[in-house]
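So this one's work21.txt, compact mmCIF, N, CA and C atoms and all ligand atoms:
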```
# COMPACT_ATOMS: atom_id res chain seq x y z
N MET A 1265 150.19 154.89 -50.15
CA MET A 1265 149.76 154.00 -51.22
C MET A 1265 148.25 154.04 -51.38
N ARG A 1266 147.59 153.93 -50.23
CA ARG A 1266 146.13 153.90 -50.25
C ARG A 1266 145.52 155.15 -50.89
N SER A 1267 146.07 156.29 -50.43
CA SER A 1267 145.46 157.53 -50.90
C SER A 1267 145.69 157.71 -52.40
N SER A 1268 146.87 157.27 -52.91
CA SER A 1268 147.08 157.46 -54.34
C SER A 1268 146.16 156.53 -55.15
N PHE A 1269 145.85 155.35 -54.56
CA PHE A 1269 144.90 154.46 -55.23
C PHE A 1269 143.53 155.16 -55.36
N GLY A 1270 143.14 155.82 -54.24
CA GLY A 1270 141.87 156.57 -54.25
C GLY A 1270 141.88 157.62 -55.33
N LEU A 1271 143.00 158.26 -55.49
CA LEU A 1271 143.12 159.31 -56.50
C LEU A 1271 142.92 158.73 -57.90
N PHE A 1272 143.51 157.53 -58.14
CA PHE A 1272 143.34 156.89 -59.45
C PHE A 1272 141.87 156.58 -59.72
N ARG A 1273 141.22 156.08 -58.67
CA ARG A 1273 139.80 155.74 -58.86
C ARG A 1273 139.00 156.98 -59.21
N CYS A 1274 139.35 158.05 -58.51
CA CYS A 1274 138.65 159.31 -58.74
C CYS A 1274 138.89 159.78 -60.18
N ALA A 1275 140.15 159.68 -60.62
CA ALA A 1275 140.47 160.10 -61.99
C ALA A 1275 139.73 159.21 -62.98
N GLY A 1276 139.63 157.91 -62.65
CA GLY A 1276 138.92 156.98 -63.52
C GLY A 1276 137.46 157.37 -63.67
N THR A 1277 136.85 157.71 -62.55
CA THR A 1277 135.44 158.11 -62.59
C THR A 1277 135.27 159.38 -63.42
N LEU A 1278 136.19 160.31 -63.21
CA LEU A 1278 136.13 161.57 -63.95
C LEU A 1278 136.25 161.29 -65.45
N ALA A 1279 137.20 160.40 -65.81
CA ALA A 1279 137.39 160.09 -67.23
C ALA A 1279 136.11 159.48 -67.80
N LEU A 1280 135.47 158.62 -67.02
CA LEU A 1280 134.24 157.98 -67.48
C LEU A 1280 133.14 159.02 -67.70
N VAL A 1281 133.03 159.93 -66.73
CA VAL A 1281 132.01 160.98 -66.86
C VAL A 1281 132.27 161.82 -68.11
N LEU A 1282 133.53 162.18 -68.33
CA LEU A 1282 133.86 162.99 -69.50
C LEU A 1282 133.55 162.23 -70.78
N LEU A 1283 133.83 160.93 -70.76
CA LEU A 1283 133.56 160.10 -71.93
C LEU A 1283 132.06 160.10 -72.23
N LEU A 1284 131.26 159.94 -71.18
CA LEU A 1284 129.80 159.90 -71.37
C LEU A 1284 129.28 161.25 -71.88
N ILE A 1285 129.83 162.34 -71.35
CA ILE A 1285 129.41 163.66 -71.84
C ILE A 1285 129.76 163.77 -73.33
N GLY A 1286 130.97 163.29 -73.65
CA GLY A 1286 131.41 163.33 -75.05
C GLY A 1286 130.45 162.56 -75.95
N LEU A 1287 130.04 161.37 -75.49
CA LEU A 1287 129.13 160.55 -76.29
C LEU A 1287 127.79 161.25 -76.46
N ALA A 1288 127.30 161.86 -75.37
CA ALA A 1288 126.02 162.55 -75.43
C ALA A 1288 126.11 163.71 -76.42
N ARG A 1289 127.23 164.41 -76.39
CA ARG A 1289 127.45 165.52 -77.33
C ARG A 1289 127.45 165.02 -78.76
N ALA A 1290 128.18 163.90 -78.99
CA ALA A 1290 128.29 163.36 -80.34
C ALA A 1290 126.90 163.04 -80.87
N GLU A 1291 126.05 162.53 -80.00
CA GLU A 1291 124.67 162.21 -80.37
C GLU A 1291 123.93 163.47 -80.82
N ASP A 1292 124.14 164.56 -80.07
CA ASP A 1292 123.49 165.82 -80.40
C ASP A 1292 123.94 166.37 -81.74
N GLU A 1293 125.16 166.06 -82.08
CA GLU A 1293 125.76 166.72 -83.23
C GLU A 1293 125.86 165.84 -84.45
N LEU A 1294 124.98 164.85 -84.58
CA LEU A 1294 124.95 164.05 -85.79
C LEU A 1294 124.82 165.00 -86.97
N LYS A 1295 125.64 164.78 -87.99
CA LYS A 1295 125.56 165.66 -89.16
C LYS A 1295 125.28 164.83 -90.39
N ASN A 1296 124.48 165.36 -91.26
CA ASN A 1296 124.14 164.63 -92.47
C ASN A 1296 125.35 164.56 -93.40
N PRO A 1297 125.85 163.33 -93.66
CA PRO A 1297 127.03 163.21 -94.52
C PRO A 1297 126.73 163.57 -95.97
N PHE A 1298 125.46 163.70 -96.32
CA PHE A 1298 125.08 164.01 -97.71
C PHE A 1298 124.69 165.47 -97.90
N ALA A 1299 125.00 166.32 -96.92
CA ALA A 1299 124.61 167.73 -97.03
C ALA A 1299 125.09 168.32 -98.36
N GLY A 1300 124.17 168.92 -99.11
CA GLY A 1300 124.52 169.58 -100.36
C GLY A 1300 124.68 168.63 -101.54
N ASN A 1301 124.38 167.34 -101.34
CA ASN A 1301 124.56 166.34 -102.39
C ASN A 1301 123.24 166.13 -103.16
N ALA A 1302 123.19 166.63 -104.39
CA ALA A 1302 121.93 166.62 -105.16
C ALA A 1302 121.47 165.20 -105.47
N ALA A 1303 122.42 164.30 -105.74
CA ALA A 1303 122.04 162.92 -106.07
C ALA A 1303 121.39 162.26 -104.86
N ALA A 1304 121.90 162.55 -103.67
CA ALA A 1304 121.33 161.99 -102.44
C ALA A 1304 119.92 162.53 -102.22
N ALA A 1305 119.72 163.82 -102.51
CA ALA A 1305 118.39 164.42 -102.34
C ALA A 1305 117.40 163.75 -103.29
N ALA A 1306 117.83 163.47 -104.52
CA ALA A 1306 116.95 162.82 -105.49
C ALA A 1306 116.59 161.41 -105.01
N GLU A 1307 117.58 160.70 -104.49
CA GLU A 1307 117.33 159.35 -103.96
C GLU A 1307 116.40 159.44 -102.75
N GLY A 1308 116.60 160.46 -101.92
CA GLY A 1308 115.75 160.66 -100.74
C GLY A 1308 114.31 160.89 -101.16
N LYS A 1309 114.12 161.64 -102.23
CA LYS A 1309 112.76 161.89 -102.70
C LYS A 1309 112.12 160.58 -103.17
N ARG A 1310 112.92 159.76 -103.87
CA ARG A 1310 112.39 158.48 -104.35
C ARG A 1310 111.94 157.63 -103.15
N LEU A 1311 112.76 157.58 -102.11
CA LEU A 1311 112.43 156.79 -100.92
C LEU A 1311 111.20 157.36 -100.21
N PHE A 1312 111.13 158.68 -100.16
CA PHE A 1312 110.01 159.37 -99.51
C PHE A 1312 108.69 158.96 -100.17
N LEU A 1313 108.71 158.87 -101.52
CA LEU A 1313 107.50 158.50 -102.24
C LEU A 1313 107.25 157.01 -102.14
N LYS A 1314 108.33 156.22 -102.24
CA LYS A 1314 108.19 154.76 -102.23
C LYS A 1314 107.68 154.26 -100.88
N THR A 1315 108.11 154.89 -99.79
CA THR A 1315 107.80 154.38 -98.45
C THR A 1315 106.47 154.89 -97.93
N GLY A 1316 105.87 155.85 -98.61
CA GLY A 1316 104.55 156.29 -98.17
C GLY A 1316 104.57 157.48 -97.22
N CYS A 1317 105.72 158.12 -97.06
CA CYS A 1317 105.78 159.35 -96.26
C CYS A 1317 104.80 160.36 -96.84
N TYR A 1318 104.70 160.33 -98.19
CA TYR A 1318 103.85 161.31 -98.88
C TYR A 1318 102.39 161.23 -98.44
N SER A 1319 101.95 160.04 -98.00
CA SER A 1319 100.52 159.91 -97.67
C SER A 1319 100.16 160.82 -96.50
N CYS A 1320 101.10 161.13 -95.64
CA CYS A 1320 100.84 162.06 -94.54
C CYS A 1320 101.48 163.43 -94.75
N HIS A 1321 102.63 163.44 -95.42
CA HIS A 1321 103.36 164.72 -95.52
C HIS A 1321 103.22 165.39 -96.89
N GLY A 1322 102.47 164.75 -97.84
CA GLY A 1322 102.30 165.34 -99.17
C GLY A 1322 103.40 164.91 -100.12
N HIS A 1323 103.10 164.90 -101.43
CA HIS A 1323 104.07 164.42 -102.44
C HIS A 1323 105.35 165.23 -102.47
N GLU A 1324 105.24 166.51 -102.19
CA GLU A 1324 106.43 167.37 -102.18
C GLU A 1324 106.80 167.73 -100.75
N ALA A 1325 106.33 166.91 -99.79
CA ALA A 1325 106.59 167.13 -98.36
C ALA A 1325 106.00 168.45 -97.86
N GLU A 1326 104.99 168.92 -98.62
CA GLU A 1326 104.40 170.24 -98.31
C GLU A 1326 103.41 170.18 -97.15
N GLY A 1327 103.13 168.95 -96.66
CA GLY A 1327 102.25 168.83 -95.50
C GLY A 1327 100.84 168.39 -95.88
N ALA A 1328 100.24 167.58 -95.04
CA ALA A 1328 98.84 167.14 -95.19
C ALA A 1328 98.36 166.81 -93.78
N VAL A 1329 98.17 165.51 -93.49
CA VAL A 1329 97.85 165.11 -92.12
C VAL A 1329 99.07 165.40 -91.23
N GLY A 1330 100.23 165.08 -91.75
CA GLY A 1330 101.50 165.35 -91.06
C GLY A 1330 101.98 166.74 -91.45
N PRO A 1331 102.90 167.29 -90.67
CA PRO A 1331 103.34 168.67 -90.93
C PRO A 1331 104.13 168.85 -92.22
N ASP A 1332 104.12 170.09 -92.74
CA ASP A 1332 104.99 170.51 -93.84
C ASP A 1332 106.43 170.29 -93.39
N LEU A 1333 107.23 169.61 -94.22
CA LEU A 1333 108.63 169.35 -93.84
C LEU A 1333 109.58 170.22 -94.64
N THR A 1334 109.03 171.20 -95.37
CA THR A 1334 109.90 172.02 -96.22
C THR A 1334 109.99 173.47 -95.74
N ASP A 1335 109.12 173.85 -94.82
CA ASP A 1335 109.14 175.24 -94.37
C ASP A 1335 110.06 175.40 -93.14
N ASP A 1336 110.02 176.56 -92.54
CA ASP A 1336 110.90 176.81 -91.40
C ASP A 1336 110.19 176.59 -90.07
N GLU A 1337 108.97 176.11 -90.16
CA GLU A 1337 108.24 175.83 -88.91
C GLU A 1337 108.36 174.35 -88.59
N TRP A 1338 108.95 174.09 -87.46
CA TRP A 1338 109.14 172.71 -87.04
C TRP A 1338 108.59 172.57 -85.63
N ILE A 1339 108.19 171.34 -85.30
CA ILE A 1339 107.68 171.09 -83.95
C ILE A 1339 108.87 171.12 -82.99
N TYR A 1340 109.98 170.50 -83.42
CA TYR A 1340 111.22 170.54 -82.63
C TYR A 1340 112.30 171.20 -83.48
N LYS A 1341 113.32 171.70 -82.80
CA LYS A 1341 114.42 172.37 -83.49
C LYS A 1341 114.97 171.46 -84.60
N PRO A 1342 115.01 171.93 -85.84
CA PRO A 1342 115.33 171.04 -86.97
C PRO A 1342 116.82 170.76 -87.16
N THR A 1343 117.44 170.15 -86.17
CA THR A 1343 118.83 169.74 -86.34
C THR A 1343 118.85 168.47 -87.20
N ASP A 1344 120.01 168.14 -87.75
CA ASP A 1344 120.13 166.89 -88.50
C ASP A 1344 119.76 165.71 -87.59
N SER A 1345 120.20 165.77 -86.33
CA SER A 1345 119.91 164.67 -85.39
C SER A 1345 118.41 164.50 -85.20
N MET A 1346 117.72 165.62 -85.02
CA MET A 1346 116.27 165.54 -84.78
C MET A 1346 115.59 164.88 -85.97
N ILE A 1347 115.95 165.29 -87.17
CA ILE A 1347 115.31 164.74 -88.36
C ILE A 1347 115.63 163.24 -88.47
N PHE A 1348 116.90 162.92 -88.26
CA PHE A 1348 117.32 161.50 -88.33
C PHE A 1348 116.54 160.67 -87.30
N ASN A 1349 116.53 161.13 -86.06
CA ASN A 1349 115.88 160.35 -84.99
C ASN A 1349 114.38 160.25 -85.17
N THR A 1350 113.77 161.32 -85.68
CA THR A 1350 112.31 161.26 -85.90
C THR A 1350 111.98 160.19 -86.93
N ILE A 1351 112.76 160.15 -88.01
CA ILE A 1351 112.48 159.15 -89.05
C ILE A 1351 112.81 157.75 -88.53
N ALA A 1352 113.93 157.63 -87.83
CA ALA A 1352 114.35 156.31 -87.34
C ALA A 1352 113.44 155.79 -86.23
N LYS A 1353 113.13 156.66 -85.27
CA LYS A 1353 112.44 156.19 -84.06
C LYS A 1353 110.97 156.57 -84.01
N GLY A 1354 110.53 157.45 -84.91
CA GLY A 1354 109.14 157.89 -84.88
C GLY A 1354 108.90 158.86 -83.73
N ARG A 1355 107.64 159.25 -83.55
CA ARG A 1355 107.26 160.13 -82.44
C ARG A 1355 106.23 159.38 -81.62
N ARG A 1356 106.66 158.94 -80.49
CA ARG A 1356 105.77 158.21 -79.60
C ARG A 1356 104.50 159.01 -79.33
N GLY A 1357 103.36 158.32 -79.35
CA GLY A 1357 102.10 159.00 -79.05
C GLY A 1357 101.50 159.73 -80.25
N THR A 1358 102.17 159.65 -81.42
CA THR A 1358 101.61 160.26 -82.63
C THR A 1358 101.57 159.19 -83.72
N VAL A 1359 100.97 159.51 -84.88
CA VAL A 1359 100.93 158.53 -85.96
C VAL A 1359 102.26 158.45 -86.71
N MET A 1360 103.22 159.29 -86.34
CA MET A 1360 104.55 159.25 -86.96
C MET A 1360 105.28 158.02 -86.43
N ALA A 1361 105.34 156.97 -87.28
CA ALA A 1361 105.88 155.67 -86.88
C ALA A 1361 107.40 155.63 -87.04
N PRO A 1362 108.07 154.70 -86.36
CA PRO A 1362 109.51 154.53 -86.59
C PRO A 1362 109.78 153.78 -87.91
N PHE A 1363 110.82 154.20 -88.63
CA PHE A 1363 111.11 153.58 -89.91
C PHE A 1363 112.50 152.93 -89.95
N SER A 1364 113.12 152.76 -88.78
CA SER A 1364 114.50 152.25 -88.79
C SER A 1364 114.60 150.84 -89.36
N ASP A 1365 113.50 150.08 -89.33
CA ASP A 1365 113.58 148.72 -89.91
C ASP A 1365 113.39 148.73 -91.42
N GLN A 1366 113.04 149.88 -91.97
CA GLN A 1366 112.83 149.93 -93.43
C GLN A 1366 113.96 150.62 -94.18
N PHE A 1367 114.80 151.35 -93.43
CA PHE A 1367 115.87 152.11 -94.09
C PHE A 1367 117.22 151.80 -93.47
N THR A 1368 118.27 151.92 -94.28
CA THR A 1368 119.62 151.96 -93.73
C THR A 1368 119.83 153.39 -93.23
N PRO A 1369 120.82 153.62 -92.36
CA PRO A 1369 121.09 155.01 -91.93
C PRO A 1369 121.36 155.92 -93.13
N GLU A 1370 122.06 155.40 -94.15
CA GLU A 1370 122.35 156.22 -95.34
C GLU A 1370 121.04 156.68 -95.98
N GLU A 1371 120.07 155.78 -96.06
CA GLU A 1371 118.80 156.15 -96.70
C GLU A 1371 118.06 157.22 -95.88
N ILE A 1372 118.15 157.12 -94.56
CA ILE A 1372 117.52 158.15 -93.73
C ILE A 1372 118.18 159.50 -93.99
N TRP A 1373 119.51 159.51 -94.11
CA TRP A 1373 120.20 160.77 -94.41
C TRP A 1373 119.81 161.30 -95.77
N GLU A 1374 119.59 160.40 -96.74
CA GLU A 1374 119.19 160.85 -98.08
C GLU A 1374 117.82 161.54 -98.01
N ILE A 1375 116.92 160.97 -97.22
CA ILE A 1375 115.61 161.62 -97.07
C ILE A 1375 115.79 162.97 -96.38
N GLY A 1376 116.64 163.00 -95.36
CA GLY A 1376 116.93 164.26 -94.67
C GLY A 1376 117.45 165.30 -95.65
N GLU A 1377 118.31 164.88 -96.57
CA GLU A 1377 118.86 165.82 -97.54
C GLU A 1377 117.78 166.27 -98.54
N PHE A 1378 116.88 165.36 -98.88
CA PHE A 1378 115.74 165.74 -99.74
C PHE A 1378 114.95 166.88 -99.06
N LEU A 1379 114.69 166.74 -97.76
CA LEU A 1379 113.91 167.76 -97.04
C LEU A 1379 114.67 169.08 -96.97
N ARG A 1380 115.97 169.01 -96.69
CA ARG A 1380 116.80 170.23 -96.65
C ARG A 1380 116.79 170.92 -98.00
N ASP A 1381 116.90 170.10 -99.05
CA ASP A 1381 116.95 170.66 -100.40
C ASP A 1381 115.64 171.38 -100.72
N LYS A 1382 114.52 170.76 -100.33
CA LYS A 1382 113.22 171.40 -100.54
C LYS A 1382 113.17 172.75 -99.82
N ASN A 1383 113.69 172.77 -98.61
CA ASN A 1383 113.69 174.01 -97.83
C ASN A 1383 114.54 175.08 -98.52
N ARG A 1384 115.69 174.68 -99.06
CA ARG A 1384 116.55 175.65 -99.75
C ARG A 1384 115.86 176.19 -101.00
N GLN A 1385 115.21 175.29 -101.77
CA GLN A 1385 114.50 175.71 -102.99
C GLN A 1385 113.45 176.75 -102.64
N ARG A 1386 112.77 176.48 -101.54
CA ARG A 1386 111.69 177.37 -101.11
C ARG A 1386 112.23 178.78 -100.82
N HIS A 1387 113.40 178.82 -100.19
CA HIS A 1387 114.00 180.13 -99.89
C HIS A 1387 114.42 180.84 -101.16
N LEU A 1388 114.92 180.07 -102.15
CA LEU A 1388 115.34 180.69 -103.41
C LEU A 1388 114.14 181.34 -104.09
N LYS A 1389 113.00 180.62 -104.04
CA LYS A 1389 111.78 181.14 -104.69
C LYS A 1389 111.31 182.44 -104.06
N GLN A 1390 111.49 182.53 -102.74
CA GLN A 1390 110.97 183.70 -102.03
C GLN A 1390 111.78 184.97 -102.32
N GLN A 1391 112.99 184.80 -102.84
CA GLN A 1391 113.84 185.99 -103.00
C GLN A 1391 113.41 186.84 -104.19
C1 LIG B 1401 100.65 158.12 -90.79
C2 LIG B 1401 101.12 159.46 -91.12
C3 LIG B 1401 102.61 159.69 -91.27
C4 LIG B 1401 103.51 159.00 -92.07
C5 LIG B 1401 103.24 157.81 -93.01
C6 LIG B 1401 104.79 159.65 -91.90
N1 LIG B 1401 104.69 160.70 -91.01
FE1 LIG B 1401 106.18 161.95 -90.43
N2 LIG B 1401 104.95 162.86 -89.11
C7 LIG B 1401 103.58 162.59 -88.99
C8 LIG B 1401 103.05 163.44 -87.91
C9 LIG B 1401 101.59 163.48 -87.46
C10 LIG B 1401 104.14 164.18 -87.39
C11 LIG B 1401 104.12 165.17 -86.23
C12 LIG B 1401 104.42 164.39 -84.97
C13 LIG B 1401 104.39 165.26 -83.72
O1 LIG B 1401 103.32 165.81 -83.42
O2 LIG B 1401 105.45 165.37 -83.06
C14 LIG B 1401 105.31 163.80 -88.19
C15 LIG B 1401 106.57 164.35 -88.02
C16 LIG B 1401 107.64 164.15 -88.87
C17 LIG B 1401 108.88 164.87 -88.83
C18 LIG B 1401 109.25 165.96 -87.81
C19 LIG B 1401 108.50 167.25 -88.13
C20 LIG B 1401 108.68 168.35 -87.09
O3 LIG B 1401 108.21 169.45 -87.36
O4 LIG B 1401 109.27 168.14 -86.02
C21 LIG B 1401 109.65 164.39 -89.83
C22 LIG B 1401 111.06 164.83 -90.20
C23 LIG B 1401 108.89 163.36 -90.51
N3 LIG B 1401 107.66 163.25 -89.90
C24 LIG B 1401 109.35 162.63 -91.59
C25 LIG B 1401 108.66 161.54 -92.14
C26 LIG B 1401 109.21 160.65 -93.14
C27 LIG B 1401 110.57 160.81 -93.80
C28 LIG B 1401 108.27 159.67 -93.38
C29 LIG B 1401 108.39 158.46 -94.27
C30 LIG B 1401 109.53 157.59 -93.99
C31 LIG B 1401 107.13 159.99 -92.55
N4 LIG B 1401 107.41 161.11 -91.81
C32 LIG B 1401 105.95 159.26 -92.53
C33 LIG B 1401 102.85 161.70 -89.73
C34 LIG B 1401 103.38 160.76 -90.61
```
Mind converting the file's structure to structure tokens?
Amino acid sequence: MRSSFGLFRCAGTLALVLLLIGLARAEDELKNPFAGNAAAAAEGKRLFLKTGCYSCHGHEAEGAVGPDLTDDEWIYKPTDSMIFNTIAKGRRGTVMAPFSDQFTPEEIWEIGEFLRDKNRQRHLKQQ
């Protein structure tokens, strides 16, 4: 009896560890629900200008004090999660402030889609 109880506890711990790994993975793989949505990109641009992102990143996100957000050069790997978290939480130790109190998650994704759309336009122009 005792040993089978130990086995259950062990299985429980294993399940917990797997659950935590799953959660960590899910965090890594946040995906923009508005990918490819032109209306969301337009709304994202409006928010980008309204909130003052442009004062550091330029009116077309082409870069100024803050980096260009439309090219393929990024400080960190440009996953949807990275873009979302940077806008939501900011970059500690830099002037890039957190904006989670000013936007809903949907609005952050719309801005993310605006930036993706700018990047796609840029590639079209280069061809
Ligand atoms: C006061 C200036 C300032 C403002 C305002 C600002 N940013 Fe930034 N932003 C920065 C700087 C500087 C960095 C680079 C931080 C670093 O060195 O990691 C950055 C980084 C970023 C990055 C990641 C770039 C990369 O290459 O990894 C994104 C995305 C971004 N900002 C989006 C926004 C959005 C969206 C807004 C408006 C809601 C905004 N920023 C407002 C200065 C600013």
With only N, CA and C atoms and all ligand atoms counted and 6.5 Å as the cut-off, give the residues of chain A in contact with ligand LIG 1401 (chain B), each with its shortest interatomic distance in Å and the pair that gives it, as a Markdown table.
```
| residue | atom | partner | partner_atom | distance |
| --- | --- | --- | --- | --- |
| A:Leu1311 | C | B:LIG1401 | C30 | 6.4 |
| A:Phe1312 | CA | B:LIG1401 | C29 | 5.6 |
| A:Thr1315 | C | B:LIG1401 | C29 | 5.5 |
| A:Gly1316 | C | B:LIG1401 | C5 | 4.4 |
| A:Cys1317 | CA | B:LIG1401 | C29 | 3.4 |
| A:Tyr1318 | N | B:LIG1401 | C29 | 5.7 |
| A:Ser1319 | C | B:LIG1401 | C5 | 5.5 |
| A:Cys1320 | CA | B:LIG1401 | C2 | 4.3 |
| A:His1321 | N | B:LIG1401 | C34 | 5.6 |
| A:Val1329 | C | B:LIG1401 | C9 | 4.9 |
| A:Gly1330 | CA | B:LIG1401 | C8 | 4.0 |
| A:Pro1331 | N | B:LIG1401 | C10 | 4.7 |
| A:Asp1332 | C | B:LIG1401 | O3 | 6.3 |
| A:Leu1333 | CA | B:LIG1401 | C19 | 6.1 |
| A:Glu1337 | C | B:LIG1401 | O3 | 5.1 |
| A:Trp1338 | CA | B:LIG1401 | O3 | 3.4 |
| A:Ile1339 | N | B:LIG1401 | O3 | 2.8 |
| A:Tyr1340 | N | B:LIG1401 | O4 | 3.6 |
| A:Lys1341 | N | B:LIG1401 | O4 | 6.3 |
| A:Met1346 | C | B:LIG1401 | C22 | 6.2 |
| A:Ile1347 | CA | B:LIG1401 | C22 | 4.6 |
| A:Phe1348 | N | B:LIG1401 | C22 | 6.4 |
| A:Thr1350 | C | B:LIG1401 | C21 | 5.6 |
| A:Ile1351 | CA | B:LIG1401 | C24 | 5.3 |
| A:Arg1355 | CA | B:LIG1401 | O2 | 5.6 |
| A:Thr1358 | CA | B:LIG1401 | C12 | 5.5 |
| A:Val1359 | C | B:LIG1401 | C1 | 4.4 |
| A:Met1360 | CA | B:LIG1401 | C7 | 4.0 |
| A:Ala1361 | N | B:LIG1401 | N1 | 5.3 |
| A:Phe1363 | CA | B:LIG1401 | C30 | 5.9 |
| A:Ile1375 | CA | B:LIG1401 | C27 | 6.1 |
```
**Asked** Nearest to Pro1362 in chain A among A:Glu1307, A:Leu1313, A:Lys1382, A:Asn1349, with distances taken over only C-alpha atoms: which residue is it?
**Response** A:Asn1349
**Request:** For CA of Gly1308 in chain A and atom C of Arg1380 in chain A, quote the distance in Å rounded to one decimal.
**Result:**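 Separation of CA of Gly1308 in chain A and atom C of Arg1380 in chain A: 10.7 Å.
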**CA of Glu1374 in chain A to atom N of Phe1298 in chain A, distance in Å rounded to a single decimal** =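 Between CA of Glu1374 in chain A and atom N of Phe1298 in chain A the gap is 7.1 Å.
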**Request:** Identify, with DSSP run on backbone atoms, the residues in chain A assigned to alpha helix (DSSP H), and express the list as an MDAnalysis selection string.
**Result:** chainID A and resid 1266:1292 1302:1315 1318:1321 1344:1353 1369:1390
**Gap from atom C of Asn1296 in chain A to CA of Ser1364 in chain A - Å, one decimal** =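 About the pair atom C of Asn1296 in chain A and CA of Ser1364 in chain A: they are 17.0 Å apart.
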Using 5 Å of padding on each side, determine the axis-aligned box around all atoms of range 1327-1341 of chain A present in the file and give its centre and edge lengths in Å to one decimal, as lines of an AutoDock Vina configuration file.
```
center_x = 106.4
center_y = 170.9
center_z = -89.6
size_x = 27.1
size_y = 21.7
size_z = 24.0
```
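Distances to Pro1342 in chain A were evaluated for A:Gln1391, A:Ala1275, A:Lys1309, A:Leu1379 using only C-alpha atoms, and the minimum falls at A:Leu1379.
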**Message:** Given only N, CA and C atoms as the basis, pick out the residue of A:Gly1376, A:Gln1366, A:Arg1386, A:Ala1279 nearest to Ala1305 in chain A.
**Reply:**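 Answer, going by the shortest atom-to-atom distance: A:Gly1376.
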